[in-house]
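Okay, structure first, notes after.
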Amino acid sequence: MHNQESRWSRWVLLALSSGSGLLALHCGFSGTTDGGGGAAATGTAGAGMTTGGNAPGSVATPAAGNSTVGGAGTVGGAGTVGGNATTAGGGAGGGAPAVGTFKNYEYTGTWPTAPMAVQTKPGGTLKYTKIAIHDRFLAESCAIADYNNDGLPDVSSGRRWYEQKAGNPPTFVEHIYRGGHDDLPRAGVGTGADNVNEINAGVSDDWADAPYDMDGDGLADIINIANCDVAENLNPSPKPAPQPHATAFWYKNPGAATAATAMWAGHQLHADVRLEQHGLVDVDGDGNPEIYGACKGCAPAETKGYYAGDWSADHKLKDPAAGWTYHAVTQHYNFPFGGTGWMHGEGFGDINKDGKSDLLERGGAWIAATGATPNVTVCAGPTAGCGWVKQNFYDGDQGENRGPSHMYAADMDMDGDNDIIAADWAHGEGLAWYEQTTPLVFVRHQFMGGPADMAKYGVYFSEPHALQVMDMDGDGRPDIVTGKMRFAHPIGYGDPDPMGTPYVYVFKNVGTPDKNGNPITLQPMLVDSVVGVGRQLSVGHINTDGIPDICIASKLGLYVFLGQ
């Protein structure tokens with residue numbers, strides 16, 4: 001934050017009939033329920049954490065509270081991973097996992113081959129029933145998973161998970177599972193000492209999270225990624241201490257009998273995870289997740305890439321407590337603000353349809369760069385072995401801080417190749433998709449601009465800091481979910497329209513040209529005008545009716561939107 005801004009599970013997947021895309025993580029926190037939740041269960045703050053072996057740098061880990069950090073426990077079988085559906089309108093991944101195995105209820109556009117427990121069905125109206133879990137600033141991401149294996153998907157955010165209780169609408173009961181922090185300031189103060197405080201103190205330890213069965217015991221664990229550069233001693237509400245900045249941890253689900261009362265043991269995956277957008281992706285095609293981000297102190301230093309664990313053939317970590325290894329993909333970047341990790345715009349997707357995941361970032365795409373060193377050969381076309389496809393995915397400012405939010409590859413115009421979706425600038429204005437007209441050649445199509453473009457595009461908001469691409473209505477076409485993040489920075493840090501309405505929109509993909517001459521119409525469908533978006537948003541099945549739902553944690557609260 002200093003003029004910056006300051007999930008993972010075998011789960012999240014998007015199955016578009018084209019296959020594509022990428023995703024964003026989600027993480028959570030929470031507070032007492034404020035809008036229909038049952039009485040909040042009490043818990044002792046402070047999950048234990050252990051540090052992994054190959055993460056660089058020393059990191060102060062949160063105090064253990066009253067929990068003992070032990071081994072991972074007995075690990076069961078991993079279960080069978082199903083394939084993903086590819087028929088138009090199928091929406092989700094393949095058949096549900098066998099009884100007793102981890103069931104994935106959350107999509108991600110970056111991992112389109114992971115199976116889903118519920119398949120998307122046609123007929124969604126893009127209208128939503130809103131459930132307010134709370135209106136506090138506790139986290140900036142959330143995840144969807146069945147943490148107690150009762151058949152009702154729950155929500156996690158920050159240091160809490162929220163147990164779904166059946167009802168119409170359902171309610172959510174709060175449980176604390178790890179250490180972290182509670183309420184943070186969100187006034188958006190723009191001048192004086194309070195401004196200096198909030199640019200640092202108004203930053204959560206949950207910028208991305210995801211559910212995944214990390215140890216093959218059939219339970220949904222939680223992967224959490226903290227903010228990329230604010231020191232923990234600046235946090236005003238430690239309980240007992242936030243997750244250290246720039247770290248990725250996974251928290252072991254202790255089982256249905258104690259998931260609501262015990263502290264979940266934490267294991268550090270890496271201590272140098274920078275950049276502001278993160279997500280799960282299967283880079284190497286082994287059916288296990290990697291995490292994408294950027295590393296400051298790895299070798300080579302200051303690059304963008306992904307973090308990979310050591311998985312067994314039955315899809316569980318060989319050593320649950322071991323750190324993950326960073327793999328650089330891009331060339332060196334000068335990290336901004338004197339070497340901090342406050343950068344924007346990353347994702348994965350198969351843009352050349354070779355079955356491999358390519359890295360997408362602010363300057364272009366890196367084609368399946370899975371080797372020890374990046375392939376920086378510029379692609380002039382479908383050249384064998386080329387690695388770097390240049391493309392202007394941001395608004396033209398050359399500063400290394402500038403860039404989109406989460407980026408995806410998806411066949412937007414349904415012509416058989418994958419296009420790219422990106423915000424112009426996560427803290428600015430504009431949304432666009434890039435049509436792949438010929439192999440590795442992209443043409444930009446804008447579908448939201450600045451306030452002067454309201455008549456042209458039908459909607460305006462700034463700071464689209466989180467974005468997801470998914471078929472939200474079951475018609476077989478990928479739609480776009482995004483909105484405005486309020487107080488990504490305090491007032492006075494140059495963000496446009498800082499007090500503007502915090503919208504959430506679904507841009508419905510209509511297969512006919514729009515009035516501006518673009519090959520498809522992306523029709524804005526209002527979801528909400530209260531909560532906006534956080535650092536990430538999640539899409540999945542919360543009520544398992546086959547219509548995708550949305551979970552958002554922002555500085556304005558934690559909310560669930562049930563698709564109708």
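Chain identifiers are assigned as A, B, and so on, following the order in which chains appear in the structure tokens; residues are numbered from 1 within each chain, and ligands are numbered from 1 in order of appearance.
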
Can you pull out the residues contacting region 400-407 of chain A? Cut-off 6 Å, using only C-alpha atoms, and skip same-chain residues under 2 positions away; I want them as a ChimeraX atom specification.
/A:277,336,343-347,362,394,421-426,465-467

Write the residues of the selection above to a file with N, CA and C atoms, as a CSV table (one decimal), in the first residue's frame.
```csv
chain,number,residue,atom,x,y,z
A,277,GLN,N,-3.0,-10.2,-7.4
A,277,GLN,CA,-3.9,-11.1,-7.9
A,277,GLN,C,-3.3,-12.5,-7.8
A,336,PRO,N,7.9,-2.2,-8.0
A,336,PRO,CA,7.7,-0.8,-7.8
A,336,PRO,C,7.9,-0.4,-6.3
A,343,MET,N,1.9,-5.0,-7.3
A,343,MET,CA,1.8,-5.0,-8.7
A,343,MET,C,0.4,-5.7,-9.0
A,344,HIS,N,0.0,-5.5,-10.3
A,344,HIS,CA,-1.4,-6.0,-10.7
A,344,HIS,C,-1.3,-6.7,-12.0
A,345,GLY,N,-2.3,-7.6,-12.1
A,345,GLY,CA,-2.6,-8.3,-13.4
A,345,GLY,C,-1.8,-9.5,-13.6
A,346,GLU,N,-2.5,-10.7,-13.4
A,346,GLU,CA,-1.9,-12.0,-13.7
A,346,GLU,C,-3.0,-13.0,-13.8
A,347,GLY,N,-2.8,-14.1,-14.5
A,347,GLY,CA,-3.7,-15.2,-14.6
A,347,GLY,C,-3.1,-16.2,-15.5
A,362,ARG,N,0.4,-8.2,-17.4
A,362,ARG,CA,0.1,-6.9,-17.9
A,362,ARG,C,0.7,-6.6,-19.3
A,394,TYR,N,-3.0,-3.0,-20.4
A,394,TYR,CA,-3.3,-2.0,-19.4
A,394,TYR,C,-3.4,-0.6,-20.1
A,421,ILE,N,-9.5,-11.9,-21.3
A,421,ILE,CA,-10.3,-10.9,-20.7
A,421,ILE,C,-9.5,-10.2,-19.6
A,422,ALA,N,-9.6,-8.9,-19.6
A,422,ALA,CA,-8.7,-8.1,-18.6
A,422,ALA,C,-9.3,-6.8,-18.3
A,423,ALA,N,-9.1,-6.3,-17.1
A,423,ALA,CA,-9.4,-4.9,-16.8
A,423,ALA,C,-8.3,-4.0,-17.4
A,424,ASP,N,-8.6,-2.8,-17.8
A,424,ASP,CA,-7.6,-1.9,-18.2
A,424,ASP,C,-6.6,-1.6,-17.1
A,425,TRP,N,-7.1,-1.4,-15.9
A,425,TRP,CA,-6.3,-1.0,-14.8
A,425,TRP,C,-7.1,-1.2,-13.5
A,426,ALA,N,-6.5,-2.0,-12.6
A,426,ALA,CA,-7.3,-2.5,-11.4
A,426,ALA,C,-7.7,-1.3,-10.5
A,465,HIS,N,-11.1,-4.3,-9.1
A,465,HIS,CA,-9.9,-5.0,-8.6
A,465,HIS,C,-10.0,-6.5,-8.5
A,466,ALA,N,-11.2,-7.1,-8.7
A,466,ALA,CA,-11.4,-8.5,-8.7
A,466,ALA,C,-12.3,-8.9,-9.9
A,467,LEU,N,-12.0,-10.0,-10.5
A,467,LEU,CA,-12.7,-10.3,-11.7
A,467,LEU,C,-12.8,-11.8,-11.9
```

For region 161-165 of chain A, list every protein, DNA or RNA residue within 8 Å, evaluated using only C-alpha atoms, and leave out those in the same chain fewer than 3 positions away; present the list as a list in words.
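The residues that qualify are Gly28, Phe29, Ser30, Tyr147, Asn148, Leu152, Pro153, Asp154, Val155, Ser156, Ser157, Gly158, Pro170, Thr171, Phe172, Val173, Glu174, His175, Ile176 and Tyr177 of chain A.
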
Point-to-point distance in Å for CA of Asp473 (chain A) and CA of Gly123 (chain A)
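It comes out at 6.0 Å.
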
From A:Gln468, A:Asn392, A:Ser204, A:Ser462, residue lying nearest Pro496 (chain A) [only C-alpha atoms]
A:Ser462

Measuring atom to atom with only C-alpha atoms, identify which of A:Arg274, A:Gly323, A:Gln331, A:Val203 is nearest to Pro300 (chain A).
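Of A:Arg274, A:Gly323, A:Gln331, A:Val203, the one nearest Pro300 (chain A), counting only C-alpha atoms, is A:Gln331.
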
When you look at Val506 (chain A) with a cut-off of 10 Å (counting only C-alpha atoms), what residues show up, excluding the ones that are within fewer than 6 positions of it in the same chain? I need them as number ranges by chain.
A: 126-127, 468-470, 472, 479-483, 522-528

Write out as a ChimeraX atom specification all residues of region 387-501 of chain A that backbone DSSP assigns to strand (DSSP E).
/A:388-390,408-410,419-423,431-438,441-448,467-470,479-483

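Rounded to one decimal, CA of Trp264 (chain A) and CA of Glu232 (chain A) lie 20.5 Å from each other.
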
Got a sec: who's within 8 Å of Tyr559 (chain A), counting only C-alpha atoms, leaving out chain neighbours fewer than 5 positions off, as a list in words?
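Once the nearby chain positions are removed, what remains is Lys130, Ile131, Ala132, Ile133, His134, Val531, Cys551, Ile552 and Ala553 of chain A.
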
Please produce an output containing N, CA, C and O atoms for each residue in the selection, written as an mmCIF file, in the first residue's frame.
```
data_model
loop_
_atom_site.group_PDB
_atom_site.id
_atom_site.type_symbol
_atom_site.label_atom_id
_atom_site.label_comp_id
_atom_site.auth_asym_id
_atom_site.auth_seq_id
_atom_site.Cartn_x
_atom_site.Cartn_y
_atom_site.Cartn_z
ATOM 1 N N LYS A 130 -29.834 -11.881 -2.087
ATOM 2 C CA LYS A 130 -28.688 -11.394 -1.326
ATOM 3 C C LYS A 130 -28.796 -11.805 0.134
ATOM 4 O O LYS A 130 -29.843 -11.612 0.767
ATOM 5 N N ILE A 131 -27.718 -12.372 0.686
ATOM 6 C CA ILE A 131 -27.635 -12.721 2.102
ATOM 7 C C ILE A 131 -26.433 -12.003 2.688
ATOM 8 O O ILE A 131 -25.294 -12.204 2.249
ATOM 9 N N ALA A 132 -26.680 -11.158 3.674
ATOM 10 C CA ALA A 132 -25.599 -10.458 4.366
ATOM 11 C C ALA A 132 -25.136 -11.298 5.541
ATOM 12 O O ALA A 132 -25.885 -11.499 6.498
ATOM 13 N N ILE A 133 -23.923 -11.822 5.474
ATOM 14 C CA ILE A 133 -23.367 -12.564 6.606
ATOM 15 C C ILE A 133 -22.881 -11.584 7.666
ATOM 16 O O ILE A 133 -23.110 -11.777 8.851
ATOM 17 N N HIS A 134 -22.213 -10.526 7.259
ATOM 18 C CA HIS A 134 -21.896 -9.418 8.169
ATOM 19 C C HIS A 134 -21.512 -8.210 7.330
ATOM 20 O O HIS A 134 -21.296 -8.313 6.117
ATOM 21 N N VAL A 531 -21.979 -3.688 -1.673
ATOM 22 C CA VAL A 531 -20.764 -4.336 -1.163
ATOM 23 C C VAL A 531 -19.550 -4.165 -2.060
ATOM 24 O O VAL A 531 -18.418 -4.155 -1.587
ATOM 25 N N CYS A 551 -19.847 -15.251 -3.985
ATOM 26 C CA CYS A 551 -19.446 -14.868 -2.633
ATOM 27 C C CYS A 551 -18.453 -13.717 -2.744
ATOM 28 O O CYS A 551 -17.504 -13.783 -3.530
ATOM 29 N N ILE A 552 -18.700 -12.658 -1.953
ATOM 30 C CA ILE A 552 -17.817 -11.498 -1.973
ATOM 31 C C ILE A 552 -17.505 -11.075 -0.550
ATOM 32 O O ILE A 552 -18.410 -10.899 0.270
ATOM 33 N N ALA A 553 -16.225 -10.904 -0.253
ATOM 34 C CA ALA A 553 -15.777 -10.261 0.975
ATOM 35 C C ALA A 553 -15.031 -8.992 0.577
ATOM 36 O O ALA A 553 -14.083 -9.038 -0.197
#
```

Counting only C-alpha atoms, closest pick from A:Phe561, A:Tyr503, A:Phe348, A:Tyr457 relative to Gly109 (chain A) is A:Phe348

Nearest residue to Asn168 (chain A) out of A:Thr383, A:Thr512, A:Gln268, A:Asn543, using only C-alpha atoms?
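Using only C-alpha atoms, the shortest distance to Asn168 (chain A) belongs to A:Asn543.
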
My list of candidates is A:Leu275, A:Ala262, A:Ala455, A:Cys142. Which is closest to Asn227 (chain A) when distances are computed with only C-alpha atoms?
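Counting only C-alpha atoms, the residue closest to Asn227 (chain A) is A:Leu275.
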
Skip Lys316 (chain A) itself and residues of its chain fewer than 5 positions away, then list as a PyMOL selection string all residues within 7 Å of it, counting only C-alpha atoms.
chain A and resi 78+214-216+311

Hey, can you spit out that residue selection with C-alpha atoms as a tab-separated table (two decimals), in the first residue's frame?
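This is the output file out_2.tsv:
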```tsv
chain	number	residue	atom	x	y	z
A	78	ALA	CA	-7.64	-39.27	-2.47
A	214	MET	CA	-4.27	-30.94	0.47
A	215	ASP	CA	-3.56	-34.21	2.31
A	216	GLY	CA	-6.02	-36.60	0.64
A	311	TRP	CA	2.39	-34.28	-4.94
```

Looking only at the backbone, which of the residues in region 291-423 of chain A does DSSP tag as alpha helix (DSSP H), as a list of chain:residue names?
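After running DSSP on the backbone, region 291-423 of chain A has alpha helix (DSSP H) at A:Pro336, A:Phe337, A:Gly338, A:Gly339.
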
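From CA of Gly557 (chain A) back to CA of Pro289 (chain A), the distance works out to 28.6 Å.
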
Please list as number ranges by chain every residue within 7 Å of Val118 (chain A), counting only C-alpha atoms and excluding residues in the same chain fewer than 6 positions away.
A: 96, 105, 541, 544, 546
